[in-house]
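To start, the structure itself, in C-alpha cells.
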Amino acid sequence: MIIPVRCFTCGKVISSYYEEYDERVRKGEKPSDVLDSMHINRYCCRRMLISNVELIEEVSHY
C-alpha cells in the first residue's frame with residue numbers, strides 16, 4: 001500500500017528513501033546494491049522497502 005514513515009521494528013525513518021529506491025530499481029539496478037549504496041544496512045529496514053507493494057491505484061476505486 002503506502003510506505004510506512006518508520007520501520008516497524010527499529011523505528012528508523014525510511015519513507016524518505018522509498019522514491020529513490022523505487023526509481024533506481026525500475027531502471028534495472030539490483031535492490032541489494034541500491035540499499036547498500038543508500039546505507040540501509042538493517043535487515044528490518046531493508047524488508048520494509050523490498051516488501052512494499054504499490055496497490056493504491058487498485059484500492060482507490062473502492
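Every chain in the C-alpha cells has a letter given in the order shown (A, B, ...), and although residue numbers restart at 1 in each chain, ligands are simply numbered from 1 in the order shown.
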Contact residues around A:Asn52 with only C-alpha atoms at 12 Å, ignoring same-chain residues under 3 positions, as a PyMOL selection string: chain A and resi 1-4+7+14-15+18-19+21-22+45-49+55-56
Write a file of the selected residues as an mmCIF file, in the first residue's frame, keeping N, CA and C atoms.
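Written file, out-v4.cif:
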```
data_model
loop_
_atom_site.group_PDB
_atom_site.id
_atom_site.type_symbol
_atom_site.label_atom_id
_atom_site.label_comp_id
_atom_site.auth_asym_id
_atom_site.auth_seq_id
_atom_site.Cartn_x
_atom_site.Cartn_y
_atom_site.Cartn_z
ATOM 1 N N MET A 1 0.843 -1.182 0.000
ATOM 2 C CA MET A 1 0.000 0.000 0.000
ATOM 3 C C MET A 1 0.885 1.241 0.000
ATOM 4 N N ILE A 2 0.847 1.972 1.074
ATOM 5 C CA ILE A 2 1.640 3.187 1.194
ATOM 6 C C ILE A 2 2.824 2.876 2.099
ATOM 7 N N ILE A 3 3.994 3.335 1.733
ATOM 8 C CA ILE A 3 5.194 3.050 2.520
ATOM 9 C C ILE A 3 5.057 3.677 3.904
ATOM 10 N N PRO A 4 5.318 2.916 4.954
ATOM 11 C CA PRO A 4 5.248 3.473 6.318
ATOM 12 C C PRO A 4 6.336 4.526 6.526
ATOM 13 N N CYS A 7 10.270 2.339 10.222
ATOM 14 C CA CYS A 7 10.395 0.888 10.259
ATOM 15 C C CYS A 7 9.609 0.368 11.459
ATOM 16 N N ILE A 14 12.165 5.663 7.198
ATOM 17 C CA ILE A 14 12.513 5.027 5.925
ATOM 18 C C ILE A 14 11.714 5.575 4.751
ATOM 19 N N SER A 15 10.682 6.337 5.016
ATOM 20 C CA SER A 15 9.833 6.811 3.923
ATOM 21 C C SER A 15 10.573 7.742 2.974
ATOM 22 N N TYR A 18 12.231 5.811 -0.080
ATOM 23 C CA TYR A 18 11.460 4.958 -0.987
ATOM 24 C C TYR A 18 11.452 5.449 -2.432
ATOM 25 N N GLU A 19 11.292 6.733 -2.661
ATOM 26 C CA GLU A 19 11.221 7.239 -4.042
ATOM 27 C C GLU A 19 12.505 6.944 -4.802
ATOM 28 N N TYR A 21 14.753 4.644 -4.052
ATOM 29 C CA TYR A 21 14.861 3.190 -4.172
ATOM 30 C C TYR A 21 14.008 2.673 -5.333
ATOM 31 N N ASP A 22 12.759 3.087 -5.380
ATOM 32 C CA ASP A 22 11.838 2.620 -6.417
ATOM 33 C C ASP A 22 12.312 3.037 -7.810
ATOM 34 N N CYS A 45 14.833 -2.802 8.139
ATOM 35 C CA CYS A 45 14.565 -1.655 7.265
ATOM 36 C C CYS A 45 14.581 -2.080 5.795
ATOM 37 N N ARG A 46 15.484 -2.971 5.448
ATOM 38 C CA ARG A 46 15.543 -3.486 4.079
ATOM 39 C C ARG A 46 14.243 -4.195 3.730
ATOM 40 N N ARG A 47 13.724 -4.958 4.696
ATOM 41 C CA ARG A 47 12.468 -5.673 4.492
ATOM 42 C C ARG A 47 11.331 -4.713 4.201
ATOM 43 N N MET A 48 11.296 -3.585 4.900
ATOM 44 C CA MET A 48 10.214 -2.616 4.726
ATOM 45 C C MET A 48 10.195 -2.067 3.293
ATOM 46 N N LEU A 49 11.344 -1.840 2.719
ATOM 47 C CA LEU A 49 11.411 -1.288 1.366
ATOM 48 C C LEU A 49 11.210 -2.357 0.300
ATOM 49 N N LEU A 55 -0.296 -0.713 -4.229
ATOM 50 C CA LEU A 55 -1.669 -1.103 -4.535
ATOM 51 C C LEU A 55 -2.636 0.071 -4.445
ATOM 52 N N ILE A 56 -2.148 1.258 -4.265
ATOM 53 C CA ILE A 56 -3.013 2.411 -4.013
ATOM 54 C C ILE A 56 -3.965 2.669 -5.165
#
```
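Across A:Pro31, A:Arg24, A:Phe8, A:Val13, the tightest approach to A:Cys44 is made by A:Phe8 when counting only C-alpha atoms.
With distances restricted to only C-alpha atoms, A:Ile50 is the closest residue to A:Ser32 from A:Val59, A:Val5, A:Ser16, A:Ile50.
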Enter the distance from atom CA of A:Ser51 to atom CA of A:Ser37, in Å, rounded to one decimal. 18.4 Å
I'd like to know which residues of chain A are helix (DSSP H, G or I) (by DSSP, run on the backbone); could you write them as number ranges by chain? A: 15-26, 31-37, 43-50, 56-59
Here atom CA of A:Arg6 and atom CA of A:Glu23 stand apart by 19.8 Å
